[in-house]
>>> print(open('my_file16.tsv').read())   # TSV, C-alpha atoms
chain	number	residue	atom	x	y	z
A	207	MET	CA	196.90	3.99	111.23
A	208	ASP	CA	198.82	1.10	109.67
A	209	VAL	CA	201.99	2.70	108.36
A	210	LEU	CA	203.77	6.06	108.20
A	211	VAL	CA	206.02	6.90	105.25
A	212	LEU	CA	208.84	8.91	106.81
A	213	CYS	CA	211.10	11.10	104.65
A	214	ILE	CA	214.39	12.06	106.30
A	215	ASP	CA	216.29	15.33	105.76
A	216	ARG	CA	219.07	15.12	108.32
A	217	ASP	CA	220.80	18.43	107.45
A	218	ASN	CA	217.56	20.47	107.20
A	219	ASP	CA	217.73	21.50	103.55
A	220	LEU	CA	213.97	21.91	103.68
A	221	GLY	CA	214.21	24.63	106.30
A	222	ARG	CA	217.43	26.32	105.18
A	223	LYS	CA	216.73	26.42	101.46
A	224	GLY	CA	212.98	26.03	101.09
A	225	GLY	CA	211.83	27.83	104.24
A	226	VAL	CA	209.69	24.83	105.16
A	227	ILE	CA	208.86	24.17	108.81
A	228	THR	CA	208.96	20.48	109.71
A	229	PRO	CA	207.39	18.07	110.36
A	230	VAL	CA	205.43	18.23	107.12
A	231	VAL	CA	202.41	15.89	107.25
A	232	GLY	CA	200.18	14.88	104.36
A	233	ARG	CA	200.59	14.18	100.64
A	234	GLU	CA	199.70	17.66	99.37
A	235	ALA	CA	201.80	19.39	102.02
A	236	ASN	CA	204.82	17.27	101.06
A	237	ILE	CA	204.36	18.01	97.36
A	238	GLU	CA	204.31	21.72	98.20
A	239	ALA	CA	207.42	21.37	100.38
A	240	ALA	CA	209.26	19.50	97.61
A	241	LEU	CA	208.34	22.19	95.09
A	242	LYS	CA	209.62	24.94	97.38
A	243	LEU	CA	212.91	23.12	97.88
A	244	GLY	CA	213.16	22.32	94.17
A	245	MET	CA	212.59	25.95	93.19
A	246	SER	CA	215.29	27.01	95.65
A	247	ASP	CA	217.83	24.32	94.70
A	248	PRO	CA	216.87	22.00	91.83
A	249	GLU	CA	219.98	19.86	92.40
A	250	ASP	CA	219.21	19.03	96.03
A	251	SER	CA	218.76	15.29	96.51
A	252	ASP	CA	216.12	15.80	99.22
A	253	VAL	CA	213.67	16.79	96.47
A	254	ASN	CA	213.98	13.25	95.12
A	255	THR	CA	213.56	11.89	98.64
A	256	ILE	CA	210.19	13.54	99.13
A	257	PHE	CA	208.88	12.57	95.69
A	258	GLY	CA	210.15	9.04	96.32
A	259	GLY	CA	208.22	9.09	99.59
A	260	ILE	CA	205.08	10.26	97.80
A	261	LYS	CA	205.41	7.38	95.31
A	262	THR	CA	205.82	4.94	98.19
A	263	PHE	CA	202.77	6.49	99.86
A	264	ASP	CA	200.67	5.98	96.72
A	265	GLU	CA	201.83	2.36	96.35
A	266	ILE	CA	200.92	1.52	99.95
A	267	ALA	CA	197.61	3.38	99.71
A	268	ALA	CA	196.75	1.43	96.53
A	269	SER	CA	197.18	-1.81	98.48
A	270	GLY	CA	194.35	-0.74	100.79
A	271	ARG	CA	196.36	0.01	103.90
A	272	ASN	CA	195.79	3.11	106.01
A	273	VAL	CA	198.89	5.22	105.33
A	274	GLU	CA	200.21	8.73	105.93
A	275	ILE	CA	203.36	10.53	104.80
A	276	ALA	CA	205.52	12.95	106.76
A	277	SER	CA	208.89	14.67	106.29
A	278	ILE	CA	211.14	15.50	109.22
A	279	ALA	CA	214.39	17.48	109.26
A	280	GLY	CA	217.36	17.92	111.56
A	281	ASP	CA	219.98	20.64	111.57
A	282	LEU	CA	222.90	21.88	109.47
A	283	LYS	CA	225.24	20.66	112.23
A	284	VAL	CA	224.80	16.98	111.46
A	285	GLY	CA	225.31	14.96	114.60
A	286	LEU	CA	223.88	15.20	118.08
A	287	ILE	CA	222.05	18.48	117.41
A	288	SER	CA	220.33	17.33	114.23
A	289	ASP	CA	219.57	13.86	115.60
A	290	SER	CA	217.95	15.29	118.73
A	291	LYS	CA	215.69	17.48	116.58
A	292	ILE	CA	214.74	14.50	114.41
A	293	ALA	CA	214.00	12.41	117.51
A	294	SER	CA	211.79	15.16	118.91
A	295	GLN	CA	209.81	15.52	115.66
A	296	LEU	CA	209.47	11.75	115.36
A	297	GLU	CA	208.06	11.45	118.87
A	298	ASP	CA	205.59	14.23	118.08
A	299	LEU	CA	204.42	12.39	114.93
A	300	LEU	CA	204.06	9.09	116.76
A	301	ALA	CA	201.98	10.75	119.47
A	302	ARG	CA	199.70	12.40	116.90
A	303	LEU	CA	199.30	9.64	114.28
A	304	HIS	CA	199.83	6.40	116.30
A	305	PRO	CA	201.22	4.34	113.37
A	306	GLN	CA	201.94	0.65	113.80
A	307	GLY	CA	205.11	0.87	111.68
A	308	VAL	CA	207.12	3.18	109.43
A	309	VAL	CA	208.75	3.00	106.01
A	310	VAL	CA	211.88	5.17	105.96
A	311	VAL	CA	212.75	7.04	102.77
A	312	SER	CA	216.19	8.65	102.44
A	313	ASP	CA	218.68	9.86	99.86
A	314	GLY	CA	221.69	7.91	101.13
A	315	ALA	CA	223.80	6.59	103.96
A	316	GLU	CA	223.99	9.86	105.88
A	317	ASP	CA	220.25	10.03	106.50
A	318	GLU	CA	220.06	6.30	107.21
A	319	ALA	CA	222.55	6.76	110.06
A	320	ILE	CA	219.61	7.76	112.26
A	321	LEU	CA	217.85	4.40	111.80
A	322	PRO	CA	218.75	3.32	115.38
A	323	ILE	CA	216.85	6.37	116.65
A	324	ILE	CA	213.79	5.34	114.69
A	325	THR	CA	213.95	1.61	115.48
A	326	SER	CA	214.22	2.38	119.19
A	327	ARG	CA	210.79	4.03	119.05
A	328	ILE	CA	208.78	2.12	116.43
A	329	LYS	CA	208.96	-0.89	114.12
A	330	VAL	CA	210.58	-0.14	110.73
A	331	GLU	CA	208.78	-2.07	107.98
A	332	GLY	CA	211.16	-1.06	105.24
A	333	VAL	CA	213.83	1.36	104.03
A	334	ARG	CA	213.83	2.95	100.58
A	335	ARG	CA	216.88	4.78	99.31
A	336	VAL	CA	216.19	7.31	96.54
A	337	LEU	CA	219.28	8.09	94.48
A	338	VAL	CA	219.87	9.88	91.18
A	339	LYS	CA	220.30	7.15	88.56
A	340	GLN	CA	223.26	8.82	86.87
A	341	SER	CA	225.38	8.58	90.06
A	342	PRO	CA	223.86	6.03	92.45
A	343	ASN	CA	226.92	5.78	94.73
A	344	LEU	CA	227.84	9.46	94.85
A	345	GLU	CA	225.90	10.29	98.02
A	346	SER	CA	227.21	7.26	99.90
A	347	THR	CA	230.80	7.87	98.80
A	348	TYR	CA	230.62	11.51	99.81
A	349	TYR	CA	229.19	10.58	103.18
A	350	LEU	CA	231.88	7.97	103.84
A	351	LEU	CA	234.64	10.45	102.94
A	352	LYS	CA	233.01	13.11	105.09
A	353	GLN	CA	232.73	10.68	107.98
A	354	LEU	CA	236.40	9.76	107.55
A	355	PHE	CA	237.49	13.38	107.81
A	356	THR	CA	235.20	14.31	110.71
A	357	ASP	CA	235.41	11.19	112.88
A	358	PRO	CA	238.13	12.01	115.48
A	359	LYS	CA	239.16	8.38	115.95
A	360	LEU	CA	239.62	7.73	112.23
A	361	SER	CA	241.24	11.07	111.44
A	362	HIS	CA	243.67	10.86	114.37
A	363	THR	CA	244.76	7.37	113.36
A	364	LEU	CA	245.09	8.01	109.63
A	365	PHE	CA	246.24	11.61	109.33
A	366	ILE	CA	248.48	12.38	112.30
A	367	PRO	CA	251.33	9.90	111.55
A	368	PRO	CA	251.81	11.19	107.96
A	369	ALA	CA	251.50	14.76	109.25
A	370	LEU	CA	254.23	14.13	111.86
A	371	ALA	CA	256.46	12.59	109.20
A	372	LEU	CA	256.06	15.56	106.85
A	373	LEU	CA	256.63	18.10	109.63
A	374	MET	CA	259.80	16.32	110.83
A	375	PHE	CA	261.17	16.12	107.30
A	376	ALA	CA	260.43	19.78	106.65
A	377	PHE	CA	261.97	20.89	109.97
A	378	PHE	CA	265.26	19.01	109.62
A	379	SER	CA	265.55	19.99	105.97
A	380	LEU	CA	265.11	23.61	107.00
A	381	ILE	CA	267.86	23.50	109.65
A	382	GLY	CA	270.25	21.73	107.27
A	383	TYR	CA	270.19	18.18	108.69
A	384	PRO	CA	268.09	16.18	106.19
A	385	SER	CA	269.91	12.97	107.14
A	386	TRP	CA	268.37	13.22	110.65
A	387	ALA	CA	264.87	13.35	109.21
A	388	ILE	CA	264.54	9.54	109.01
A	389	VAL	CA	265.46	9.14	112.69
A	390	ALA	CA	263.10	11.97	113.68
A	391	ILE	CA	260.25	10.59	111.57
A	392	THR	CA	260.52	7.03	112.86
A	393	GLY	CA	260.93	8.28	116.44
A	394	SER	CA	257.97	10.69	116.36
A	395	VAL	CA	255.64	8.26	114.58
A	396	GLY	CA	256.74	5.46	116.92
A	397	LEU	CA	256.05	7.60	119.98
A	398	TYR	CA	252.65	8.54	118.62
A	399	LEU	CA	251.70	4.92	117.93
A	400	LEU	CA	252.92	3.93	121.41
A	401	PHE	CA	250.90	6.82	122.85
A	402	ARG	CA	247.77	5.62	121.06
A	403	GLY	CA	248.41	1.96	121.75
A	404	LEU	CA	248.72	2.48	125.50
A	405	GLY	CA	245.52	4.51	125.56
A	406	LEU	CA	247.26	7.67	126.76
A	407	ASP	CA	245.16	9.74	124.37
A	408	ASP	CA	242.10	8.88	126.47
A	409	SER	CA	243.96	10.11	129.57
A	410	MET	CA	244.80	13.36	127.78
A	411	GLU	CA	241.17	13.83	126.78
A	412	GLU	CA	240.08	13.12	130.34
A	413	ALA	CA	242.62	15.65	131.64
A	414	LYS	CA	241.32	18.25	129.16
A	415	GLN	CA	237.74	17.72	130.25
A	416	THR	CA	238.76	17.89	133.92
A	417	LEU	CA	240.61	21.15	133.27
A	418	LYS	CA	237.56	22.63	131.54
A	419	LYS	CA	235.24	21.56	134.36
A	420	SER	CA	237.65	22.96	136.95
A	421	LEU	CA	237.67	26.33	135.19
A	422	TYR	CA	233.88	26.52	134.96
A	423	ALA	CA	233.44	25.36	138.58
A	424	TRP	CA	236.11	27.75	139.99
A	425	LYS	CA	238.22	24.95	141.41
A	426	ILE	CA	241.81	25.04	142.66
A	427	ALA	CA	242.63	22.14	140.33
A	428	PHE	CA	242.53	24.53	137.36
A	429	ILE	CA	245.53	26.49	138.68
A	430	THR	CA	247.41	23.35	139.74
A	431	TYR	CA	246.87	21.85	136.26
A	432	ILE	CA	248.32	24.97	134.64
A	433	LEU	CA	251.27	24.91	137.06
A	434	ALA	CA	251.81	21.22	136.34
A	435	ALA	CA	251.86	21.92	132.60
A	436	MET	CA	254.52	24.60	133.09
A	437	LEU	CA	256.59	22.21	135.24
A	438	VAL	CA	256.37	19.59	132.50
A	439	VAL	CA	257.69	22.15	130.01
A	440	ILE	CA	260.55	23.03	132.39
A	441	ALA	CA	261.35	19.35	132.93
A	442	THR	CA	261.41	18.63	129.21
A	443	VAL	CA	263.57	21.66	128.36
A	444	ASN	CA	265.97	20.89	131.21
A	445	GLY	CA	266.28	17.23	130.24
A	446	VAL	CA	266.71	17.99	126.53
A	447	ALA	CA	269.40	20.59	127.30
A	448	TYR	CA	271.54	18.04	129.16
A	449	PHE	CA	270.77	15.37	126.56
A	450	TRP	CA	271.95	17.70	123.80
A	451	GLN	CA	275.06	18.74	125.75
A	452	TYR	CA	276.32	15.17	126.21
A	453	PHE	CA	275.17	14.15	122.73
A	454	HIS	CA	277.87	16.46	121.33
A	455	GLU	CA	280.64	15.20	123.61
A	456	PRO	CA	283.79	14.00	121.78
A	457	THR	CA	283.12	10.48	123.11
A	458	PHE	CA	279.54	9.47	122.35
A	459	PRO	CA	278.07	8.01	125.57
A	460	GLY	CA	275.33	5.94	123.90
A	461	TYR	CA	271.60	6.50	123.66
A	462	PHE	CA	270.78	4.52	126.79
A	463	THR	CA	273.13	6.70	128.84
A	464	LEU	CA	271.64	9.83	127.26
A	465	ILE	CA	268.16	8.68	128.32
A	466	MET	CA	269.45	8.18	131.88
A	467	ILE	CA	270.92	11.70	131.82
A	468	TYR	CA	267.56	13.03	130.66
A	469	LEU	CA	265.76	11.22	133.49
A	470	TYR	CA	268.28	12.25	136.16
A	471	GLU	CA	268.00	15.94	135.28
A	472	SER	CA	264.24	16.10	134.77
A	473	ILE	CA	262.61	13.48	136.98
A	474	TRP	CA	261.93	15.74	139.98
A	475	TRP	CA	260.32	18.38	137.76
A	476	TYR	CA	257.97	15.70	136.40
A	477	MET	CA	257.27	14.43	139.91
A	478	ALA	CA	256.53	18.00	141.05
A	479	ALA	CA	254.05	18.33	138.17
A	480	ALA	CA	252.32	15.08	139.17
A	481	LEU	CA	252.18	16.25	142.79
A	482	CYS	CA	250.61	19.56	141.72
A	483	VAL	CA	247.86	17.76	139.81
A	484	ASN	CA	247.12	15.44	142.72
A	485	LEU	CA	247.30	18.20	145.34
A	486	GLY	CA	244.76	20.24	143.39
A	487	LYS	CA	242.36	17.29	143.43
A	488	VAL	CA	242.94	16.72	147.15
A	489	MET	CA	242.29	20.37	148.00
A	490	ASP	CA	239.11	20.53	145.93
A	491	MET	CA	237.82	17.32	147.47
A	492	TYR	CA	238.64	18.60	150.96
A	493	MET	CA	236.72	21.83	150.31
A	494	GLU	CA	233.75	19.78	149.08
A	495	GLY	CA	233.86	17.56	152.16
A	496	ILE	CA	234.94	14.45	150.22
A	497	ARG	CA	237.59	12.14	151.65
A	498	ASP	CA	239.10	9.73	149.13
A	499	ALA	CA	241.90	7.50	150.45
A	500	ARG	CA	243.17	6.69	146.97
A	501	THR	CA	243.84	10.33	146.12
A	502	ILE	CA	245.94	10.76	149.29
A	503	SER	CA	247.89	7.56	148.62
A	504	TYR	CA	248.87	8.81	145.15
A	505	LEU	CA	250.99	11.55	146.77
A	506	PHE	CA	253.13	8.97	148.58
A	507	PHE	CA	253.44	6.71	145.56
A	508	ILE	CA	254.55	9.62	143.38
A	509	LEU	CA	257.33	10.49	145.83
A	510	ALA	CA	258.42	6.86	146.07
A	511	THR	CA	258.49	6.51	142.29
A	512	GLY	CA	260.58	9.68	141.92
A	513	LEU	CA	263.12	8.42	144.46
A	514	VAL	CA	263.52	5.08	142.69
A	515	ILE	CA	263.95	6.55	139.20
A	516	TRP	CA	266.32	9.29	140.41
A	517	SER	CA	268.60	6.96	142.39
A	518	THR	CA	268.61	4.28	139.68
A	519	SER	CA	269.57	6.74	136.93
A	520	SER	CA	272.27	8.16	139.23
A	521	PHE	CA	273.75	4.68	139.80
A	522	ILE	CA	273.74	3.86	136.08
A	523	LEU	CA	275.50	7.14	135.22
A	524	ALA	CA	278.12	6.58	137.91
A	525	SER	CA	278.74	3.08	136.57
A	526	ASN	CA	279.77	4.50	133.18
A	527	ALA	CA	283.55	4.94	133.53
A	528	ASP	CA	283.82	6.94	130.29
A	529	LEU	CA	281.30	9.55	131.42
A	530	GLU	CA	282.27	12.55	133.54
A	531	PHE	CA	278.97	13.40	135.14
A	532	GLY	CA	280.19	14.41	138.59
A	533	ILE	CA	278.66	11.44	140.42
A	534	GLY	CA	280.94	9.12	142.39
A	535	MET	CA	280.31	5.38	142.52
A	536	VAL	CA	280.22	5.28	146.33
A	537	GLU	CA	277.87	8.26	146.42
A	538	SER	CA	275.55	6.64	143.86
A	539	VAL	CA	275.42	3.36	145.82
A	540	GLN	CA	274.53	5.29	148.97
A	541	LYS	CA	271.82	7.19	147.07
A	542	LEU	CA	270.40	3.95	145.69
A	543	ALA	CA	270.29	2.24	149.09
A	544	ILE	CA	268.85	5.22	150.96
A	545	SER	CA	266.33	5.91	148.18
A	546	ALA	CA	265.17	2.28	148.10
A	547	ILE	CA	264.62	2.26	151.86
A	548	GLY	CA	262.98	5.68	151.73
A	549	ALA	CA	260.67	4.62	148.86
A	550	ILE	CA	259.54	1.54	150.78
A	551	LEU	CA	258.93	3.56	153.95
A	552	ILE	CA	257.00	6.24	152.04
A	553	THR	CA	254.87	3.55	150.36
A	554	VAL	CA	254.11	1.87	153.69
A	555	ILE	CA	253.18	5.23	155.23
A	556	GLY	CA	250.94	6.00	152.26
A	557	ILE	CA	249.15	2.67	152.55
A	558	ASN	CA	248.59	3.12	156.30
A	559	VAL	CA	247.35	6.69	155.89
A	560	SER	CA	244.97	5.58	153.13
A	561	LYS	CA	243.62	2.74	155.25
A	562	ARG	CA	243.08	5.07	158.19
A	563	ILE	CA	241.25	7.60	156.04
A	564	ALA	CA	239.12	4.85	154.52
A	565	THR	CA	238.29	3.52	157.98
A	566	ASP	CA	237.42	6.97	159.32
A	567	SER	CA	235.26	7.70	156.28
A	568	ALA	CA	233.31	4.48	156.80
A	569	PHE	CA	232.22	5.68	160.26
A	570	LEU	CA	231.28	9.20	159.12
A	571	PRO	CA	227.52	9.85	159.11
A	572	SER	CA	226.05	10.00	155.62
A	573	LYS	CA	224.72	13.35	154.49
>>> encode(input="my_file16.tsv", output="structure tokens")
Amino acid sequence: MDVLVLCIDRDNDLGRKGGVITPVVGREANIEAALKLGMSDPEDSDVNTIFGGIKTFDEIAASGRNVEIASIAGDLKVGLISDSKIASQLEDLLARLHPQGVVVVSDGAEDEAILPIITSRIKVEGVRRVLVKQSPNLESTYYLLKQLFTDPKLSHTLFIPPALALLMFAFFSLIGYPSWAIVAITGSVGLYLLFRGLGLDDSMEEAKQTLKKSLYAWKIAFITYILAAMLVVIATVNGVAYFWQYFHEPTFPGYFTLIMIYLYESIWWYMAAALCVNLGKVMDMYMEGIRDARTISYLFFILATGLVIWSTSSFILASNADLEFGIGMVESVQKLAISAIGAILITVIGINVSKRIATDSAFLPSK
């Protein structure tokens, strides 16, 4: 056969509304399917698609080429589910009819989104879009708007910053501090943009998927992830409490000092959360017989990082003569020196332990 005229119904209006089982092959069968769908919903654009396909079929047949027409449909859940159904029906048609090429007939951009699926399996000789003449761009505009609202990347980028701004304004207006709303809005939107810019949203998505897999696989990491989340909450509440306390001091210490206070009071809670996450991974890997030197080294680097941040924030707070934080200058210098030495030693130990594990693993017999 020379060419197959392929009518696309990505959201399966034929099946849902007309009760038609796809694929529908043949001119008469497609006319019948279009009539069933038209009787069920005269306004459905897929009726025009099928009749447009039949017209294309007649034009190609009049030119003397061997042609057939078929309609395939996906699923109401447009996306992976519908596209997999369309791919399966297409492969079935290609195996039965053996066409040399196809002409795709659709009612707009949504159906044409599956063109890569078709072109990966057979040559596409042409694409015909059948639209109602009174509103030729309506289907495409609707699809673009729908894609904008449903695409996570687009919706997260466009909708979350305005949503954060509105929520911050509403919250501070409710508690009687509308003048703080501008600071809160710029701060929250800035943090979100920084979060997105550094790619931390991908890390959060990865952590969510890991948590889900750990739950389904009955792994220890699920519990350690939950514990880590609770420790993060404790760290944040503890840090904010001290931040708020010194924010209302008669002598304002400055925002940089307040950030140091936040870090000093919360850093070990955050480090404990990071250790919980890593320990869960280590335990699961040990139970599965996997030895990964990098995972072990993370434990040492987390401890070293916590020591450095804690001692540095302590030294900065002690250096502020106007702040009564209960940390002496001599004590803070001692902390900084001991912590720096301790962090270096812990890092060296972690590197040596990782190298030894990597060396031992290299000599283990493969399973």
>>> closest_residue(input="my_file16.tsv", among="A:Pro229, A:Gly556, A:Gly548, A:Pro456", to="Ala293 (chain A)", atoms="all atoms listed in the file")
A:Pro229
>>> atom_distance(input="my_file16.tsv", atom1="CA of Ser519 (chain A)", atom2="CA of Ser545 (chain A)")
11.7 Å
>>> residues_around(input="my_file16.tsv", residues="region 443-449 of chain A", least_positions_apart="3", cutoff="10 Å", atoms="all atoms listed in the file", output="list in words")
Leu437, Val438, Val439, Ile440, Tyr452, Phe453, His454, Tyr461, Thr463, Leu464, Ile465, Met466, Ile467, Tyr468, Leu469, Tyr470, Glu471, Ser472, Ile473 and Trp475 of chain A
>>> residues_around(input="my_file16.tsv", residues="Lys541 (chain A)", least_positions_apart="6", cutoff="10 Å", atoms="all atoms listed in the file", output="list of chain:residue names")
A:Leu513, A:Val514, A:Trp516, A:Ser517, A:Thr518, A:Ser520, A:Phe521, A:Met535, A:Ile547
>>> atom_distance(input="my_file16.tsv", atom1="CA of Trp474 (chain A)", atom2="CA of Thr392 (chain A)")
28.5 Å
>>> closest_residue(input="my_file16.tsv", among="A:Ile502, A:Ala319, A:Val211, A:Ile287", to="Met489 (chain A)", atoms="all atoms listed in the file")
A:Ile502
>>> closest_residue(input="my_file16.tsv", among="A:Lys223, A:Arg271, A:Lys261, A:Arg233", to="Ser246 (chain A)", atoms="only C-alpha atoms")
A:Lys223
>>> atom_distance(input="my_file16.tsv", atom1="CA of Leu321 (chain A)", atom2="CA of Asp217 (chain A)")
15.0 Å
>>> closest_residue(input="my_file16.tsv", among="A:Ala543, A:Leu370, A:Phe257, A:Ile214", to="Ser288 (chain A)", atoms="all atoms listed in the file")
A:Ile214
>>> closest_residue(input="my_file16.tsv", among="A:Gly460, A:Asp219, A:Ala549, A:Gly332", to="Asp247 (chain A)", atoms="all atoms listed in the file")
A:Asp219
>>> closest_residue(input="my_file16.tsv", among="A:Val333, A:Ala387, A:Val284, A:Leu397", to="Ile366 (chain A)", atoms="only C-alpha atoms")
A:Leu397
>>> decode(input="my_file16.tsv", residues="region 310-336 of chain A", atoms="N, CA and C atoms", output="mmCIF file, in the first residue's frame")
data_model
loop_
_atom_site.group_PDB
_atom_site.id
_atom_site.type_symbol
_atom_site.label_atom_id
_atom_site.label_comp_id
_atom_site.auth_asym_id
_atom_site.auth_seq_id
_atom_site.Cartn_x
_atom_site.Cartn_y
_atom_site.Cartn_z
ATOM 1 N N VAL A 310 -1.056 12.600 8.045
ATOM 2 C CA VAL A 310 -1.678 12.781 9.356
ATOM 3 C C VAL A 310 -2.739 13.862 9.262
ATOM 4 N N VAL A 311 -3.923 13.559 9.785
ATOM 5 C CA VAL A 311 -5.032 14.511 9.811
ATOM 6 C C VAL A 311 -5.408 14.740 11.269
ATOM 7 N N SER A 312 -5.442 16.026 11.685
ATOM 8 C CA SER A 312 -5.749 16.348 13.078
ATOM 9 C C SER A 312 -6.623 17.584 13.140
ATOM 10 N N ASP A 313 -7.082 17.882 14.363
ATOM 11 C CA ASP A 313 -7.911 19.074 14.548
ATOM 12 C C ASP A 313 -7.164 20.183 15.290
ATOM 13 N N GLY A 314 -5.843 20.075 15.420
ATOM 14 C CA GLY A 314 -5.117 21.150 16.081
ATOM 15 C C GLY A 314 -3.802 20.703 16.668
ATOM 16 N N ALA A 315 -3.200 21.619 17.429
ATOM 17 C CA ALA A 315 -1.841 21.415 17.934
ATOM 18 C C ALA A 315 -1.760 20.280 18.935
ATOM 19 N N GLU A 316 -2.832 20.032 19.695
ATOM 20 C CA GLU A 316 -2.765 18.990 20.716
ATOM 21 C C GLU A 316 -2.548 17.624 20.089
ATOM 22 N N ASP A 317 -3.309 17.317 19.036
ATOM 23 C CA ASP A 317 -3.152 16.023 18.372
ATOM 24 C C ASP A 317 -1.812 15.932 17.642
ATOM 25 N N GLU A 318 -1.352 17.056 17.103
ATOM 26 C CA GLU A 318 -0.093 17.048 16.358
ATOM 27 C C GLU A 318 1.117 16.893 17.275
ATOM 28 N N ALA A 319 0.913 16.976 18.586
ATOM 29 C CA ALA A 319 2.023 16.798 19.523
ATOM 30 C C ALA A 319 2.578 15.385 19.484
ATOM 31 N N ILE A 320 1.810 14.442 18.919
ATOM 32 C CA ILE A 320 2.299 13.055 18.849
ATOM 33 C C ILE A 320 3.033 12.772 17.542
ATOM 34 N N LEU A 321 3.282 13.783 16.729
ATOM 35 C CA LEU A 321 3.999 13.568 15.471
ATOM 36 C C LEU A 321 5.343 12.873 15.654
ATOM 37 N N PRO A 322 6.130 13.204 16.716
ATOM 38 C CA PRO A 322 7.391 12.463 16.897
ATOM 39 C C PRO A 322 7.190 10.960 17.045
ATOM 40 N N ILE A 323 6.070 10.553 17.657
ATOM 41 C CA ILE A 323 5.792 9.119 17.798
ATOM 42 C C ILE A 323 5.576 8.491 16.426
ATOM 43 N N ILE A 324 4.879 9.221 15.566
ATOM 44 C CA ILE A 324 4.587 8.684 14.237
ATOM 45 C C ILE A 324 5.841 8.680 13.371
ATOM 46 N N THR A 325 6.576 9.796 13.364
ATOM 47 C CA THR A 325 7.763 9.893 12.508
ATOM 48 C C THR A 325 8.857 8.916 12.913
ATOM 49 N N SER A 326 8.841 8.474 14.166
ATOM 50 C CA SER A 326 9.843 7.497 14.595
ATOM 51 C C SER A 326 9.551 6.100 14.054
ATOM 52 N N ARG A 327 8.349 5.907 13.503
ATOM 53 C CA ARG A 327 7.960 4.576 13.032
ATOM 54 C C ARG A 327 7.741 4.495 11.522
ATOM 55 N N ILE A 328 7.389 5.639 10.905
ATOM 56 C CA ILE A 328 7.107 5.625 9.469
ATOM 57 C C ILE A 328 7.263 7.040 8.911
ATOM 58 N N LYS A 329 7.492 7.125 7.594
ATOM 59 C CA LYS A 329 7.644 8.421 6.950
ATOM 60 C C LYS A 329 6.296 9.143 6.895
ATOM 61 N N VAL A 330 6.285 10.415 7.288
ATOM 62 C CA VAL A 330 5.083 11.248 7.222
ATOM 63 C C VAL A 330 5.146 12.068 5.949
ATOM 64 N N GLU A 331 4.203 11.822 5.016
ATOM 65 C CA GLU A 331 4.196 12.529 3.744
ATOM 66 C C GLU A 331 3.522 13.887 3.835
ATOM 67 N N GLY A 332 2.703 14.075 4.832
ATOM 68 C CA GLY A 332 2.035 15.363 4.963
ATOM 69 C C GLY A 332 1.192 15.415 6.217
ATOM 70 N N VAL A 333 0.846 16.650 6.624
ATOM 71 C CA VAL A 333 0.002 16.876 7.792
ATOM 72 C C VAL A 333 -1.110 17.822 7.379
ATOM 73 N N ARG A 334 -2.345 17.441 7.677
ATOM 74 C CA ARG A 334 -3.488 18.297 7.362
ATOM 75 C C ARG A 334 -4.219 18.621 8.654
ATOM 76 N N ARG A 335 -4.359 19.907 8.926
ATOM 77 C CA ARG A 335 -5.086 20.346 10.111
ATOM 78 C C ARG A 335 -6.484 20.785 9.692
ATOM 79 N N VAL A 336 -7.493 20.190 10.305
ATOM 80 C CA VAL A 336 -8.886 20.495 9.996
ATOM 81 C C VAL A 336 -9.460 21.324 11.136
#
